[in-house]
>>> print(open('query-v9.txt').read())   # compact mmCIF, C-alpha atoms
# COMPACT_ATOMS: atom_id res chain seq x y z
CA MET A 1 117.13 3.48 25.90
CA GLN A 2 119.56 2.91 28.80
CA ALA A 3 118.39 3.90 32.26
CA GLU A 4 120.55 6.75 33.59
CA ILE A 5 121.95 6.22 37.09
CA LEU A 6 123.75 8.83 39.21
CA VAL A 7 126.40 7.54 41.59
CA LEU A 8 127.23 10.16 44.23
CA GLU A 9 130.05 8.68 46.32
CA ASP A 10 133.14 10.56 47.50
CA ASP A 11 135.34 7.44 47.69
CA GLY A 12 136.91 7.40 44.23
CA VAL A 13 137.71 3.68 44.22
CA LEU A 14 134.22 2.64 45.36
CA ASN A 15 132.62 5.12 42.96
CA GLY A 16 134.60 3.68 40.07
CA MET A 17 133.79 0.08 40.99
CA ILE A 18 130.06 0.77 41.23
CA GLY A 19 130.08 2.66 37.95
CA TYR A 20 132.03 -0.10 36.17
CA HIS A 21 129.68 -2.89 37.24
CA LEU A 22 126.51 -0.89 36.56
CA SER A 23 127.83 -0.03 33.08
CA ARG A 24 128.53 -3.72 32.44
CA ALA A 25 124.93 -4.42 33.46
CA GLY A 26 123.73 -2.10 30.71
CA TYR A 27 123.11 1.18 32.53
CA ALA A 28 124.33 4.67 31.67
CA VAL A 29 126.26 5.92 34.69
CA THR A 30 127.10 9.46 35.77
CA ALA A 31 129.72 9.61 38.53
CA ALA A 32 129.93 12.45 41.06
CA ARG A 33 132.10 12.75 44.15
CA THR A 34 130.75 16.00 45.54
CA LEU A 35 127.39 17.69 46.02
CA ALA A 36 128.44 20.36 43.52
CA GLU A 37 129.22 17.80 40.81
CA ALA A 38 125.91 16.01 41.39
CA THR A 39 123.94 19.27 41.25
CA ALA A 40 125.59 20.18 37.96
CA ALA A 41 124.73 16.76 36.51
CA LEU A 42 121.11 17.14 37.64
CA ALA A 43 120.74 20.25 35.50
CA GLU A 44 121.69 18.32 32.37
CA LYS A 45 120.34 14.79 32.78
CA THR A 46 117.25 12.94 33.92
CA PHE A 47 117.97 10.02 36.23
CA ALA A 48 116.03 6.82 36.73
CA MET A 49 117.93 6.21 39.97
CA ALA A 50 120.49 7.86 42.22
CA LEU A 51 122.86 6.01 44.56
CA LEU A 52 123.72 8.54 47.25
CA ASP A 53 126.45 8.48 49.87
CA VAL A 54 125.31 10.24 53.05
CA ASN A 55 128.57 11.93 54.06
CA LEU A 56 130.11 14.16 51.38
CA PRO A 57 132.97 16.70 51.40
CA ASP A 58 130.63 19.64 50.73
CA GLY A 59 127.37 18.50 52.30
CA ASP A 60 125.32 15.35 52.70
CA GLY A 61 123.25 12.99 50.61
CA PHE A 62 120.07 13.88 52.47
CA ALA A 63 120.23 17.46 51.20
CA PHE A 64 120.82 16.29 47.65
CA CYS A 65 117.92 13.83 47.94
CA ARG A 66 115.59 16.79 48.63
CA THR A 67 116.94 18.61 45.59
CA LEU A 68 116.68 15.56 43.35
CA LYS A 69 113.12 14.65 44.36
CA ALA A 70 111.97 18.25 43.89
CA ALA A 71 113.42 18.45 40.38
CA GLN A 72 112.85 14.83 39.27
CA PRO A 73 110.17 13.19 41.45
CA ALA A 74 110.24 9.91 39.50
CA ALA A 75 113.93 9.27 40.27
CA MET A 76 114.48 6.42 42.72
CA VAL A 77 116.95 7.00 45.56
CA LEU A 78 119.11 4.33 47.17
CA PHE A 79 121.37 5.44 50.02
CA LEU A 80 124.87 4.03 50.47
CA THR A 81 125.95 4.56 54.06
CA ALA A 82 128.08 3.25 56.89
CA ASN A 83 125.44 4.53 59.31
CA ASP A 84 122.98 1.76 60.13
CA GLU A 85 121.14 3.70 62.84
CA GLU A 86 117.38 3.49 62.57
CA ALA A 87 116.85 7.26 62.90
CA ALA A 88 119.11 7.99 59.92
CA GLN A 89 117.39 5.36 57.80
CA LEU A 90 113.91 6.64 58.69
CA HIS A 91 115.03 10.16 57.76
CA GLY A 92 116.09 8.89 54.34
CA TYR A 93 112.77 7.14 53.79
CA ASP A 94 110.93 10.32 54.78
CA LEU A 95 112.84 12.13 52.03
CA GLY A 96 111.71 9.60 49.42
CA ALA A 97 114.42 6.93 49.44
CA VAL A 98 113.38 3.41 48.43
CA ASP A 99 116.13 1.53 50.29
CA TYR A 100 119.47 1.58 52.11
CA ILE A 101 122.66 -0.36 51.45
CA THR A 102 124.96 -0.46 54.47
CA LYS A 103 128.71 -0.41 53.87
CA PRO A 104 130.60 -2.61 53.34
CA PHE A 105 128.52 -4.42 50.73
CA TYR A 106 128.98 -6.77 47.79
CA ILE A 107 128.92 -4.99 44.43
CA GLY A 108 127.10 -7.90 42.82
CA ALA A 109 124.30 -7.67 45.39
CA LEU A 110 124.04 -3.93 44.80
CA VAL A 111 123.70 -4.41 41.04
CA ARG A 112 120.99 -7.05 41.56
CA LYS A 113 119.08 -4.70 43.88
CA VAL A 114 119.29 -1.89 41.32
CA GLN A 115 118.03 -4.21 38.59
CA ALA A 116 115.14 -5.41 40.75
CA LEU A 117 114.06 -1.92 41.80
CA LEU A 118 114.14 -0.53 38.26
CA ALA A 119 112.26 -3.58 36.94
CA MET A 120 109.56 -3.08 39.58
CA ALA A 121 109.30 0.60 38.68
CA ALA A 122 108.92 -0.24 34.98
CA GLN A 123 106.11 -2.69 35.72
CA ALA A 124 104.34 -0.23 37.99
CA ALA A 125 104.39 2.51 35.33
CA PRO A 126 103.22 0.89 32.10
CA LEU A 127 102.31 4.17 30.40
CA ARG A 128 104.37 7.09 29.16
CA TYR A 129 103.50 10.62 28.09
CA VAL A 130 104.52 11.67 24.59
CA VAL A 131 103.86 14.20 21.87
CA ASP A 132 103.95 12.79 18.34
CA ASP A 133 102.49 14.97 15.58
CA GLY A 134 104.14 13.06 12.75
CA HIS A 135 107.20 15.31 12.83
CA LEU A 136 108.02 16.20 16.42
CA VAL A 137 108.26 13.41 19.02
CA LEU A 138 108.72 14.36 22.66
CA ASP A 139 108.94 11.54 25.20
CA PHE A 140 108.65 13.25 28.58
CA ASP A 141 109.18 10.12 30.66
CA GLY A 142 112.20 9.02 28.68
CA GLN A 143 113.39 12.64 28.25
CA THR A 144 114.12 12.06 24.55
CA ALA A 145 113.13 14.07 21.49
CA ALA A 146 113.38 13.93 17.71
CA TYR A 147 112.12 15.85 14.67
CA ASP A 148 111.61 13.85 11.46
CA GLY A 149 113.87 11.21 12.97
CA LYS A 150 116.65 13.68 13.82
CA PRO A 151 117.51 13.49 17.54
CA LEU A 152 117.12 16.65 19.61
CA ARG A 153 118.76 17.14 22.99
CA PHE A 154 116.88 19.20 25.55
CA THR A 155 117.99 19.90 29.11
CA ALA A 156 115.82 19.00 32.10
CA MET A 157 114.65 22.62 32.36
CA GLU A 158 113.79 22.75 28.65
CA PHE A 159 111.72 19.57 29.00
CA LYS A 160 109.86 21.18 31.91
CA VAL A 161 108.96 24.17 29.76
CA LEU A 162 107.96 21.94 26.84
CA ALA A 163 105.80 19.83 29.17
CA LEU A 164 103.92 22.92 30.36
CA PHE A 165 103.35 24.01 26.77
CA CYS A 166 102.13 20.58 25.69
CA GLN A 167 99.77 20.33 28.64
CA HIS A 168 98.04 23.48 27.36
CA PRO A 169 98.11 23.30 23.52
CA GLY A 170 96.76 26.43 21.85
CA GLN A 171 96.41 28.24 25.17
CA VAL A 172 98.26 31.47 25.86
CA LEU A 173 100.39 30.93 28.95
CA THR A 174 101.47 34.13 30.63
CA ARG A 175 105.04 34.51 31.79
CA ARG A 176 103.72 34.64 35.34
CA GLN A 177 101.91 31.30 34.95
CA LEU A 178 105.05 29.67 33.59
CA LEU A 179 107.33 31.12 36.25
CA GLU A 180 105.06 29.92 39.05
CA LYS A 181 105.34 26.32 37.83
CA LEU A 182 109.07 26.17 37.09
CA TRP A 183 112.03 25.51 39.36
CA ASP A 184 115.72 24.95 38.84
CA CYS A 185 117.87 21.97 39.81
CA GLU A 186 118.06 23.27 43.42
CA ALA A 187 114.26 23.55 43.69
CA ARG A 188 114.31 27.36 43.47
CA PHE A 189 111.83 29.17 41.29
CA VAL A 190 113.44 30.42 38.09
CA GLU A 191 113.85 34.07 37.23
CA GLU A 192 112.27 35.78 34.24
CA HIS A 193 115.49 36.05 32.23
CA THR A 194 116.02 32.29 32.70
CA LEU A 195 112.58 31.61 31.21
CA THR A 196 113.32 33.88 28.24
CA ALA A 197 116.66 32.20 27.61
CA THR A 198 115.14 28.71 27.93
CA VAL A 199 112.36 29.44 25.42
CA SER A 200 114.94 30.94 23.06
CA ARG A 201 117.09 27.78 23.26
CA ILE A 202 114.08 25.54 22.60
CA ARG A 203 113.19 27.60 19.53
CA GLY A 204 116.76 27.48 18.28
CA LYS A 205 116.93 23.69 18.59
CA LEU A 206 113.60 23.22 16.81
CA ASP A 207 114.57 25.69 14.09
CA SER A 208 117.86 23.87 13.52
CA VAL A 209 116.00 20.78 12.24
CA GLY A 210 113.16 22.58 10.46
CA GLY A 211 110.63 22.48 13.28
CA GLN A 212 109.53 26.11 13.14
CA ASP A 213 106.47 27.93 14.48
CA TYR A 214 105.81 25.65 17.45
CA ILE A 215 106.10 28.49 19.96
CA LYS A 216 104.28 31.75 19.29
CA THR A 217 105.15 34.85 21.29
CA VAL A 218 102.05 36.76 22.36
CA TYR A 219 103.56 40.18 23.02
CA GLY A 220 102.75 41.68 26.38
CA MET A 221 101.41 38.35 27.67
CA GLY A 222 103.51 35.23 27.16
CA TYR A 223 103.70 32.24 24.83
CA GLN A 224 101.34 29.93 22.92
CA TRP A 225 102.17 26.34 21.95
CA MET A 226 101.01 25.75 18.38
CA GLY A 227 101.74 22.03 18.32
CA GLY A 228 99.86 19.09 19.78
CA GLY A 229 99.35 18.10 23.38
CA ALA A 230 100.81 15.26 25.39
CA ALA A 231 99.08 11.89 25.18
CA CYS A 232 99.27 8.78 27.32
CA VAL A 233 100.39 5.75 25.29
CA PRO A 234 101.51 2.19 26.06
CA LYS A 235 105.06 2.05 27.36
CA ASN A 236 106.44 0.37 24.26
CA GLY A 237 104.11 2.16 21.85
CA ARG A 238 104.22 5.33 19.85
>>> encode(input="query-v9.txt", output="C-alpha cells")
Amino acid sequence: MQAEILVLEDDGVLNGMIGYHLSRAGYAVTAARTLAEATAALAEKTFAMALLDVNLPDGDGFAFCRTLKAAQPAAMVLFLTANDEEAAQLHGYDLGAVDYITKPFYIGALVRKVQALLAMAAQAAPLRYVVDDGHLVLDFDGQTAAYDGKPLRFTAMEFKVLALFCQHPGQVLTRRQLLEKLWDCEARFVEEHTLTATVSRIRGKLDSVGGQDYIKTVYGMGYQWMGGGAACVPKNGR
C-alpha cells in the first residue's frame, strides 16, 4: 500500500513540483494550498506524513500541525519554511514536527529525506493492529478494510469508531463513553448526531457486502460490537 503524503503549500508551482516528484517516488500525494483544503482532506484520508508550509493564505502551518497531530498522532510532520529562526523551528518541534526544510531547497534532497524518515518510522513500528475474523479484515494502522476480499472504504472518523468497538468486543459501550473518546478533524469532540450518523454509515457499508450483525444497538444505552477484537500482528503478516 502506498504511503499517503499531504503537501500543504500555497505556492502552486512548488506544490505541483513536490507532488510530481513524490508521486514518481511511489507515494500517494494529496495537494492542498490552503488550511481549509488541508482540513477537508484530513477528514477523508489518513496520512503517513505531511509537508507543511508555515505561512498560508488562511492561517499557518503550526495551527494545522496541532489539528493533524490531535486527529492522527502517527503522522510525521516536516515543515517547509523560509523562516530559519531558531524560535520558529523550536516551536515546530514542540508541536511534534520531525524536521525542517528551509526554502529554497533541492527537490531531490527533499524526496530523499522523506524516504529516509518514512523508512525509519517503518522500522521503528514493526507491528500493526488488525481485526481478521476470516471475513472482515480491518487494518487500523494502514486504514484499510475488506470483507471476503471486497474492499471497504471507511473515513478517518469511521475507523476511530471501529477501533473503539474492536478494543471492547462484546462490551456494551454507552453513547457517552463513545462521545468522550471521539474527536473530529479539528480536534473538537463530536456531537451525538454525528456519532449516530457515523455508526449508521458503518452499518450500511458492512451490509452492502454481506457483513451484517457486527454492531448491535442496545436501546437506551449504546452499542455492542459482536465481532472480534483487534490483535497485534507482524507488520507483513495477517
>>> atom_distance(input="query-v9.txt", atom1="CA of Cys65 (chain A)", atom2="CA of Leu164 (chain A)")
24.2 Å
>>> atom_distance(input="query-v9.txt", atom1="CA of Ala97 (chain A)", atom2="CA of Thr34 (chain A)")
19.1 Å
>>> atom_distance(input="query-v9.txt", atom1="CA of Pro169 (chain A)", atom2="CA of Gly227 (chain A)")
6.5 Å
>>> axis_aligned_box(input="query-v9.txt", around="region 38-51 of chain A", padding_each_side="3 Å", output="lines of an AutoDock Vina configuration file")
center_x = 121.0
center_y = 13.1
center_z = 38.5
size_x = 15.9
size_y = 20.2
size_z = 18.2
>>> closest_atom_pairs(input="query-v9.txt", of="region 28-61 of chain A", to="region 129-149 of chain A", cutoff="12 Å", atoms="all atoms listed in the file", output="Markdown table")
| residue | atom | partner | partner_atom | distance |
| --- | --- | --- | --- | --- |
| A:Glu44 | CA | A:Gln143 | CA | 10.9 |
| A:Lys45 | CA | A:Gln143 | CA | 8.6 |
| A:Thr46 | CA | A:Gln143 | CA | 6.9 |
| A:Phe47 | CA | A:Gly142 | CA | 9.6 |
| A:Ala48 | CA | A:Gly142 | CA | 9.2 |
>>> write_last_selection(input="query-v9.txt", atoms="C-alpha atoms", output="PDB file, in the coordinates of the input")
ATOM      1  CA  GLU A  44     121.690  18.320  32.370  1.00  0.00           C
ATOM      2  CA  LYS A  45     120.340  14.790  32.780  1.00  0.00           C
ATOM      3  CA  THR A  46     117.250  12.940  33.920  1.00  0.00           C
ATOM      4  CA  PHE A  47     117.970  10.020  36.230  1.00  0.00           C
ATOM      5  CA  ALA A  48     116.030   6.820  36.730  1.00  0.00           C
TER       6      ALA A  48
END
>>> closest_residue(input="query-v9.txt", among="A:Thr102, A:Leu95, A:Tyr219, A:Ala156", to="Ala63 (chain A)", atoms="all atoms listed in the file")
A:Leu95
>>> decode(input="query-v9.txt", residues="region 67-87 of chain A", atoms="N, CA, C and O atoms", output="PDB file, in the first residue's frame")
ATOM      1  N   THR A  67      -3.809  20.404  14.715  1.00  0.00           N
ATOM      2  CA  THR A  67      -5.004  19.672  14.295  1.00  0.00           C
ATOM      3  C   THR A  67      -4.650  18.271  13.807  1.00  0.00           C
ATOM      4  O   THR A  67      -5.281  17.281  14.174  1.00  0.00           O
ATOM      5  N   LEU A  68      -3.629  18.194  12.975  1.00  0.00           N
ATOM      6  CA  LEU A  68      -3.209  16.911  12.417  1.00  0.00           C
ATOM      7  C   LEU A  68      -2.763  15.946  13.511  1.00  0.00           C
ATOM      8  O   LEU A  68      -3.175  14.776  13.541  1.00  0.00           O
ATOM      9  N   LYS A  69      -1.922  16.397  14.429  1.00  0.00           N
ATOM     10  CA  LYS A  69      -1.387  15.511  15.457  1.00  0.00           C
ATOM     11  C   LYS A  69      -2.459  15.081  16.452  1.00  0.00           C
ATOM     12  O   LYS A  69      -2.371  13.995  17.034  1.00  0.00           O
ATOM     13  N   ALA A  70      -3.488  15.911  16.634  1.00  0.00           N
ATOM     14  CA  ALA A  70      -4.591  15.516  17.506  1.00  0.00           C
ATOM     15  C   ALA A  70      -5.441  14.431  16.860  1.00  0.00           C
ATOM     16  O   ALA A  70      -5.899  13.494  17.526  1.00  0.00           O
ATOM     17  N   ALA A  71      -5.661  14.548  15.546  1.00  0.00           N
ATOM     18  CA  ALA A  71      -6.507  13.585  14.843  1.00  0.00           C
ATOM     19  C   ALA A  71      -5.751  12.341  14.415  1.00  0.00           C
ATOM     20  O   ALA A  71      -6.291  11.232  14.438  1.00  0.00           O
ATOM     21  N   GLN A  72      -4.475  12.512  14.016  1.00  0.00           N
ATOM     22  CA  GLN A  72      -3.669  11.390  13.508  1.00  0.00           C
ATOM     23  C   GLN A  72      -2.265  11.476  14.126  1.00  0.00           C
ATOM     24  O   GLN A  72      -1.315  11.947  13.491  1.00  0.00           O
ATOM     25  N   PRO A  73      -2.123  11.028  15.360  1.00  0.00           N
ATOM     26  CA  PRO A  73      -0.841  11.191  16.078  1.00  0.00           C
ATOM     27  C   PRO A  73       0.349  10.546  15.384  1.00  0.00           C
ATOM     28  O   PRO A  73       1.485  10.988  15.571  1.00  0.00           O
ATOM     29  N   ALA A  74       0.111   9.488  14.604  1.00  0.00           N
ATOM     30  CA  ALA A  74       1.229   8.778  13.967  1.00  0.00           C
ATOM     31  C   ALA A  74       1.780   9.516  12.750  1.00  0.00           C
ATOM     32  O   ALA A  74       2.876   9.188  12.261  1.00  0.00           O
ATOM     33  N   ALA A  75       1.060  10.497  12.237  1.00  0.00           N
ATOM     34  CA  ALA A  75       1.522  11.220  11.047  1.00  0.00           C
ATOM     35  C   ALA A  75       2.783  12.012  11.355  1.00  0.00           C
ATOM     36  O   ALA A  75       2.870  12.710  12.372  1.00  0.00           O
ATOM     37  N   MET A  76       3.770  11.904  10.470  1.00  0.00           N
ATOM     38  CA  MET A  76       5.008  12.658  10.632  1.00  0.00           C
ATOM     39  C   MET A  76       4.849  14.027   9.960  1.00  0.00           C
ATOM     40  O   MET A  76       4.218  14.136   8.909  1.00  0.00           O
ATOM     41  N   VAL A  77       5.426  15.052  10.575  1.00  0.00           N
ATOM     42  CA  VAL A  77       5.302  16.418  10.063  1.00  0.00           C
ATOM     43  C   VAL A  77       6.679  16.971   9.719  1.00  0.00           C
ATOM     44  O   VAL A  77       7.608  16.919  10.529  1.00  0.00           O
ATOM     45  N   LEU A  78       6.782  17.484   8.506  1.00  0.00           N
ATOM     46  CA  LEU A  78       8.007  18.120   8.022  1.00  0.00           C
ATOM     47  C   LEU A  78       7.625  19.528   7.560  1.00  0.00           C
ATOM     48  O   LEU A  78       6.788  19.678   6.674  1.00  0.00           O
ATOM     49  N   PHE A  79       8.205  20.549   8.188  1.00  0.00           N
ATOM     50  CA  PHE A  79       7.865  21.921   7.820  1.00  0.00           C
ATOM     51  C   PHE A  79       8.714  22.412   6.659  1.00  0.00           C
ATOM     52  O   PHE A  79       9.919  22.141   6.594  1.00  0.00           O
ATOM     53  N   LEU A  80       8.067  23.117   5.741  1.00  0.00           N
ATOM     54  CA  LEU A  80       8.731  23.786   4.629  1.00  0.00           C
ATOM     55  C   LEU A  80       8.616  25.285   4.891  1.00  0.00           C
ATOM     56  O   LEU A  80       7.508  25.825   4.903  1.00  0.00           O
ATOM     57  N   THR A  81       9.725  25.971   5.111  1.00  0.00           N
ATOM     58  CA  THR A  81       9.618  27.366   5.514  1.00  0.00           C
ATOM     59  C   THR A  81      10.818  28.187   5.066  1.00  0.00           C
ATOM     60  O   THR A  81      11.935  27.662   4.950  1.00  0.00           O
ATOM     61  N   ALA A  82      10.563  29.462   4.824  1.00  0.00           N
ATOM     62  CA  ALA A  82      11.643  30.397   4.528  1.00  0.00           C
ATOM     63  C   ALA A  82      12.202  30.991   5.814  1.00  0.00           C
ATOM     64  O   ALA A  82      13.217  31.697   5.796  1.00  0.00           O
ATOM     65  N   ASN A  83      11.558  30.686   6.922  1.00  0.00           N
ATOM     66  CA  ASN A  83      11.971  31.228   8.223  1.00  0.00           C
ATOM     67  C   ASN A  83      12.931  30.259   8.891  1.00  0.00           C
ATOM     68  O   ASN A  83      12.537  29.177   9.324  1.00  0.00           O
ATOM     69  N   ASP A  84      14.207  30.645   8.984  1.00  0.00           N
ATOM     70  CA  ASP A  84      15.189  29.761   9.599  1.00  0.00           C
ATOM     71  C   ASP A  84      15.535  30.182  11.033  1.00  0.00           C
ATOM     72  O   ASP A  84      16.547  29.756  11.590  1.00  0.00           O
ATOM     73  N   GLU A  85      14.683  31.019  11.633  1.00  0.00           N
ATOM     74  CA  GLU A  85      14.931  31.442  13.006  1.00  0.00           C
ATOM     75  C   GLU A  85      14.760  30.270  13.967  1.00  0.00           C
ATOM     76  O   GLU A  85      13.844  29.453  13.835  1.00  0.00           O
ATOM     77  N   GLU A  86      15.620  30.225  14.958  1.00  0.00           N
ATOM     78  CA  GLU A  86      15.617  29.113  15.901  1.00  0.00           C
ATOM     79  C   GLU A  86      14.293  29.018  16.659  1.00  0.00           C
ATOM     80  O   GLU A  86      13.763  27.920  16.865  1.00  0.00           O
ATOM     81  N   ALA A  87      13.732  30.159  17.067  1.00  0.00           N
ATOM     82  CA  ALA A  87      12.496  30.145  17.849  1.00  0.00           C
ATOM     83  C   ALA A  87      11.359  29.491  17.076  1.00  0.00           C
ATOM     84  O   ALA A  87      10.577  28.710  17.639  1.00  0.00           O
TER      85      ALA A  87
END
